[in-house]
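**Student:** Sending over a structure as structure tokens; questions will come in a sec.
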Amino acid sequence: MKKLSYTFSQQYEEKIRPYIDTIDNLRSLGVEKDLALPAIAVIGDQSSGKSSILEALSGVALPRGSGIVTRCPLELKMIRTKDEDKWHGRISYQDDEEDFYDPAEVEAKIREAQDVITGVGDGISDELISLQITSANVPDLTLIDLPGIARVAVNGQPENIGDQTKTLIRKFVSKQETINLVVVPCNVDIATTEALKMAQEEDPNGERTLGILTKPDLVDKGTEGTVVDIVHNEVIPLCKGYMIVKCRGQNDITNNVSLDDATAKENVFFKDHPHFRKLYEEGFATIPKLAEKLTIELVHHIQKSLPNLKEQIDERLTETQMELEKYGKRLPLDPAERWNILRDKLKAFTEDTLKLTKGEAVKCASDLRIFPELRKEFTEWNNFLNQDGELYSDIVHKSFTDINEIKENGITDRGRELEGFILYNTFEELVGGQMKRLEKPAIQMLKKISNMVRNTFTQLAQDSFNGFPNLVKIAKTKIEDIKQDKESEAEKMLKTQFEMELIVYSQDGIYRESLQAVKDKLKKNEETEEKVGLETLPLSKSQNTSLFYFLSDPTLYEMMERLRAYYMITSKRLADHIPKVILYMLLHESALKLDKSMMELLKEKDDIDNLLEEDVAIGQKRKTLLSRQKRLEEARILLNTI
């Protein structure tokens with residue numbers, strides 16, 4: 001096989017290879033799973049001449065035929081050697097890798113790999129096949145060949161095969177690290193080709209796109225000037241410009257024209273062509289010139305990308321290490337060490353549980369809080385107690401009807417009343433009715449907060465014992481049992497509190513202060529009424545009727561003052577005491593009992609293996625992260641050597 005002619009000096013070749021090798025080695029490590037690497041992706045419509053270009057560059061025959069021939073992305077890694085007698089191929093896909101030494105085997109090896117990945121037929125996959133060719137007849141270059149853009153489904157292909165190929169191609173050409181090599185036949189309108197449209201969509205300024213014109217021998221007579229204008233970048237400008245090549249056509253393949261002979265024929269074609277000779281002289285034509293152009297573009301692209309690539313690897317490595325810390329290390333086999341691990345996990349959980357009760361940040365989940373929601377519920381409870389709506393209206397209306405009846409019957413009270421009181425039995429009944437109405441909302445709040453605490457403790461357990469389903473299950477069971485127990489105790493305490501509230505009592509000094517505050521407020525309201533008229537105040541019908549009656553009867557008016565004064569005292573008492581009962585029983589007592597119960601698991605030494613049985617998915621995730629960490633560390637070392 002005759003060695004192709006390249007114009008690179010030996011010194012330049014020595015500078016090129018390390019950059020290309022670095023990216024190839026990164027790709028071999030699998031770093032492309034973590035971040036995009038500089039690459040040249042070859043795209044084109046079906047039958048655009050894509051395969052012919054790759055054959056001419058690599059010196060080997062690739063799969064050909066109708067429909068979609070390239071069914072998986074093919075990484076074509078070419079390594080130029082000075083040993084003219086050496087040819088070595090290596091194909092890698094999935095977990096398989098095979099070396100071979102006959103270039104005639106390439107086509108069969110690729111077809112076999114595609115059949116393994118996609119199945120026999122015309123399906124496609126985004127799984128990469130890597131073909132490495134070491135030869136004196138190739139440029140130092142790596143290309144990624146992508147499936148041709150399908151327009152119509154054929155031979156049993158899925159109806160959306162066109163969309164499938166475009167989706168796969170976009171995964172590569174959309175990356176800023178990719179140079180898009182767009183292959184377009186000279187005998188079609190370049191503006192209408194799907195490949196160029198896709199490249200323009202992903203690279204609107206044409207900064208990463210290089211156009212390759214093929215099949216110049218099929219150009220209609222009289223249109224050669226348009227082709228020249230395209231290559232001169234005057235029709236659809238691209239920053240990287242255009243090249244033009246003539247590869248083996250179907251007739252050449254049928255007539256068994258070798259790749260060497262095809263390259264020689266290409267050289268003659270451009271030298272002798274009246275229109276394209278100029279492109280040849282300017283260095284825009286032939287496969288060897290294309291190889292040089294691609295190599296230079298790739299190396300420059302790699303050099304430009306290296307600083308950002310190093311930064312990305314460092315960032316990704318840091319993220320991976322932080323994620324690994326979350327999943328922890330593999331569990332040891334030694335029973336004593338496993339007991340220590342269980343102890344540490346339980347201790348960390350109990351410490352976080354107590355921090356929750358104090359409103360402090362927990363270690364395992366920095367965003368887990370309970371006090372903001374508790375504060376919200378307690379504020380709503382306080383607002384409920386203070387509202388002047390339906391509850392106050394009921395008291396006033398009840399006072400109006402009952403006290404009127406008592407007055408008419410001449411009933412009087414004596415002996416147990418608060419300071420300066422009259423009609424004390426009626427007052428007690430009215431207060432008792434109001435306390436009974438408040439009991440139900442308090443119990444409802446208790447149950448709501450009980451569920452809230454249970455859910456928060458459960459979330460803490462899931463975060464603390466992540467990856468250990470048996471520990472999580474046990475913690476959930478204990479949390480639920482404690483929740484039922486403490487909720488029942490707290491409910492009894494609340495009911496006792498409301499039973500005590502049926503006993504009307506307050507320190508005289510506190511009661512006097514409250515009564516004076518009510519009188520001052522009512523006096524202010526009366527002054528307002530005189531100014532605007534009672535009929536203009538925002539009162540309900542019952543409130544208006546009652547208030548008119550109270551204002552005309554001093555005894556009833558005094559009763560209203562005293563009811564409001566005492567309710568002010570009890571509402572303040574309930575506003576604080578009910579939340580305290582809930583906080584004490586449902587939060588603090590529950591946390592202490594939960595902590596004690598969980599730490600008792602350390603006594604069950606025979607059950608430690610069961611308690612520390614790890615979730616299979618977590619183990620697999622840790623394995624994946626360790627693998628990623630290893631390749632990123634190797635990648636960082638590799639990049640630091642260039």
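Here's how to read the names in the structure tokens: chain A, B, ... by the order shown, residue numbers from 1 in each chain, ligand numbers from 1 in the order shown.
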List as a PDB file with all heavy atoms, in the first residue's frame the protein and nucleic acid residues near Leu639 (chain A), meaning an atom at most 8 Å away when only C-alpha atoms are counted, but skip any in the same chain fewer than 6 places from it.

**Tutor:**
```pdb
ATOM      1  N   THR A  22      -3.987  12.532  23.907  1.00  0.00           N
ATOM      2  CA  THR A  22      -4.582  12.893  25.200  1.00  0.00           C
ATOM      3  C   THR A  22      -6.099  12.743  25.165  1.00  0.00           C
ATOM      4  O   THR A  22      -6.700  12.138  26.062  1.00  0.00           O
ATOM      5  CB  THR A  22      -4.213  14.338  25.582  1.00  0.00           C
ATOM      6  OG1 THR A  22      -2.800  14.437  25.752  1.00  0.00           O
ATOM      7  CG2 THR A  22      -4.908  14.750  26.885  1.00  0.00           C
ATOM      8  N   LEU A 306      -8.601  22.812  26.326  1.00  0.00           N
ATOM      9  CA  LEU A 306      -7.905  22.192  27.462  1.00  0.00           C
ATOM     10  C   LEU A 306      -8.118  22.906  28.802  1.00  0.00           C
ATOM     11  O   LEU A 306      -8.405  22.249  29.810  1.00  0.00           O
ATOM     12  CB  LEU A 306      -6.413  22.059  27.166  1.00  0.00           C
ATOM     13  CG  LEU A 306      -6.011  20.855  26.308  1.00  0.00           C
ATOM     14  CD1 LEU A 306      -4.513  20.854  26.059  1.00  0.00           C
ATOM     15  CD2 LEU A 306      -6.428  19.549  26.978  1.00  0.00           C
ATOM     16  N   LYS A 310      -9.865  20.949  31.930  1.00  0.00           N
ATOM     17  CA  LYS A 310      -9.251  20.710  33.242  1.00  0.00           C
ATOM     18  C   LYS A 310     -10.162  21.214  34.356  1.00  0.00           C
ATOM     19  O   LYS A 310     -10.332  20.548  35.390  1.00  0.00           O
ATOM     20  CB  LYS A 310      -7.897  21.425  33.314  1.00  0.00           C
ATOM     21  CG  LYS A 310      -6.823  20.815  32.421  1.00  0.00           C
ATOM     22  CD  LYS A 310      -5.514  21.597  32.532  1.00  0.00           C
ATOM     23  CE  LYS A 310      -4.432  20.987  31.641  1.00  0.00           C
ATOM     24  NZ  LYS A 310      -3.162  21.733  31.705  1.00  0.00           N
TER      25      LYS A 310
END
```

**Student:** For region 103-117 of chain A, find every residue with an atom within 12 Å (counting only C-alpha atoms), except residues of its own chain fewer than 3 positions away, and show them as a VMD selection string.

**Tutor:** chain A and resid 1 51 55 58 to 65 68 to 76 86 to 100 120 to 135 137 147

**Student:** Calculated over only C-alpha atoms, which of the candidates A:Leu210, A:Arg564, A:Asp83, A:Asp595 has the smallest distance to Leu522 (chain A)?

**Tutor:**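 Closest candidate: A:Arg564.
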
**Student:** Contacts of Ala635 (chain A) at 10 Å or less, counting only C-alpha atoms, minus same-chain residues fewer than 2 places along, as a count of residues only?

**Tutor:** 21

**Student:** Residues near Val227 (chain A), anyone? I mean within 8 Å using only C-alpha atoms, not counting same-chain ones fewer than 4 positions away, as JSON, numbers by chain.

**Tutor:** {"A": [186, 223, 231]}

**Student:** Using all heavy atoms, can you export the residues from the last selection as a CSV table (one decimal), in the first residue's frame?

**Tutor:**
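Now in out_20.csv:
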```csv
chain,number,residue,atom,x,y,z
A,186,CYS,N,-21.9,17.8,-4.4
A,186,CYS,CA,-21.9,19.0,-5.2
A,186,CYS,C,-23.1,19.1,-6.1
A,186,CYS,O,-23.4,20.2,-6.6
A,186,CYS,CB,-20.6,18.9,-6.1
A,186,CYS,SG,-19.1,19.3,-5.2
A,223,THR,N,-22.6,24.7,-13.9
A,223,THR,CA,-22.8,25.1,-12.5
A,223,THR,C,-21.5,25.0,-11.7
A,223,THR,O,-21.5,25.2,-10.4
A,223,THR,CB,-23.8,24.2,-11.8
A,223,THR,OG1,-23.4,22.8,-11.8
A,223,THR,CG2,-25.2,24.3,-12.5
A,231,VAL,N,-17.0,26.8,-2.1
A,231,VAL,CA,-15.7,26.5,-1.5
A,231,VAL,C,-15.0,27.7,-1.0
A,231,VAL,O,-14.3,27.8,0.0
A,231,VAL,CB,-14.8,25.6,-2.4
A,231,VAL,CG1,-13.5,25.3,-1.8
A,231,VAL,CG2,-15.5,24.3,-2.8
```

**Student:** List the spatial neighbours of Tyr242 (chain A) as a ChimeraX atom specification - criterion: any atom at most 9 Å away, only C-alpha atoms, same-chain residues fewer than 5 positions off excluded.

**Tutor:** /A:210-213,230-233,237,284

**Student:** Using DSSP on the backbone coordinates, identify all residues within region 294-369 of chain A classified as helix (DSSP H, G or I); present the result as number ranges by chain.

**Tutor:** A: 294-327, 335-358

**Student:** At what distance in Å, to one decimal, does CA of Asp217 (chain A) lie from CA of Lys246 (chain A)?

**Tutor:** 7.6 Å

**Student:** Residues within 12 Å of region 456-461 of chain A, please, as a PyMOL selection string. Count only C-alpha atoms; anything in the same chain fewer than 5 positions from it doesn't count.

**Tutor:** chain A and resi 345-357+361-371+373-374+449-451+466-480+482-483+586-588+590-591+594-595+598

**Student:** What residues in region 182-272 of chain A get the DSSP label strand (DSSP E or B)? Please answer as a ChimeraX atom specification.

**Tutor:** /A:182-185,209-214,242-244

**Student:** With C-alpha atoms retained, could you export that selection as a PDB file, in the first residue's frame?

**Tutor:**
```pdb
ATOM      1  CA  VAL A 182     -20.874  18.398   7.183  1.00  0.00           C
ATOM      2  CA  VAL A 183     -20.695  16.289   4.026  1.00  0.00           C
ATOM      3  CA  VAL A 184     -22.711  17.622   1.044  1.00  0.00           C
ATOM      4  CA  PRO A 185     -22.729  16.343  -2.580  1.00  0.00           C
ATOM      5  CA  THR A 209     -18.735  23.765  11.245  1.00  0.00           C
ATOM      6  CA  LEU A 210     -16.551  22.683   8.327  1.00  0.00           C
ATOM      7  CA  GLY A 211     -18.235  21.906   4.998  1.00  0.00           C
ATOM      8  CA  ILE A 212     -17.026  19.072   2.721  1.00  0.00           C
ATOM      9  CA  LEU A 213     -18.234  18.929  -0.876  1.00  0.00           C
ATOM     10  CA  THR A 214     -18.226  15.494  -2.523  1.00  0.00           C
ATOM     11  CA  TYR A 242     -15.064  24.370   2.972  1.00  0.00           C
ATOM     12  CA  MET A 243     -13.041  21.628   1.308  1.00  0.00           C
ATOM     13  CA  ILE A 244     -13.800  19.588  -1.809  1.00  0.00           C
TER      14      ILE A 244
END
```

**Student:** Rank A:Glu360, A:Leu181, A:Phe378, A:Ala285 by their smallest atom-to-atom distance to Lys448 (chain A), using only C-alpha atoms, and report the top residue only.

**Tutor:**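 Smallest distance to Lys448 (chain A) is found for A:Phe378.
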
**Student:** Report as an NGL selection string all protein, DNA and RNA residues lying within 9 Å of Ala575 (chain A), evaluated on only C-alpha atoms, omitting residues in the same chain fewer than 6 positions from it.

**Tutor:** :A and (378-379 or 381-383 or 385)

**Student:** Just the selected residues (N, CA and C atoms), exported as a compact mmCIF listing (two decimals), in the first residue's frame, please.

**Tutor:**
```txt
# COMPACT_ATOMS: atom_id res chain seq x y z
N PHE A 378 -49.23 27.58 65.52
CA PHE A 378 -49.50 28.23 66.80
C PHE A 378 -49.97 29.68 66.59
N THR A 379 -49.45 30.33 65.57
CA THR A 379 -49.92 31.69 65.26
C THR A 379 -51.38 31.67 64.82
N TRP A 381 -53.55 29.47 65.73
CA TRP A 381 -54.32 29.20 66.95
C TRP A 381 -54.53 30.49 67.75
N ASN A 382 -53.51 31.29 67.88
CA ASN A 382 -53.62 32.56 68.59
C ASN A 382 -54.59 33.51 67.88
N ASN A 383 -54.50 33.55 66.56
CA ASN A 383 -55.43 34.40 65.79
C ASN A 383 -56.87 33.93 65.97
N LEU A 385 -58.11 32.48 68.59
CA LEU A 385 -58.56 32.89 69.92
C LEU A 385 -58.90 34.37 69.97
```

**Student:** Work out how far CA of Ala150 (chain A) is from CA of Gln164 (chain A), in Å to one decimal.

**Tutor:**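 Answer for the CA of Gln164 (chain A) to CA of Ala150 (chain A) separation: 8.9 Å.
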
**Student:** Any idea what the distance is between CA of Glu32 (chain A) and CA of Ile20 (chain A)?

**Tutor:** 14.8 Å
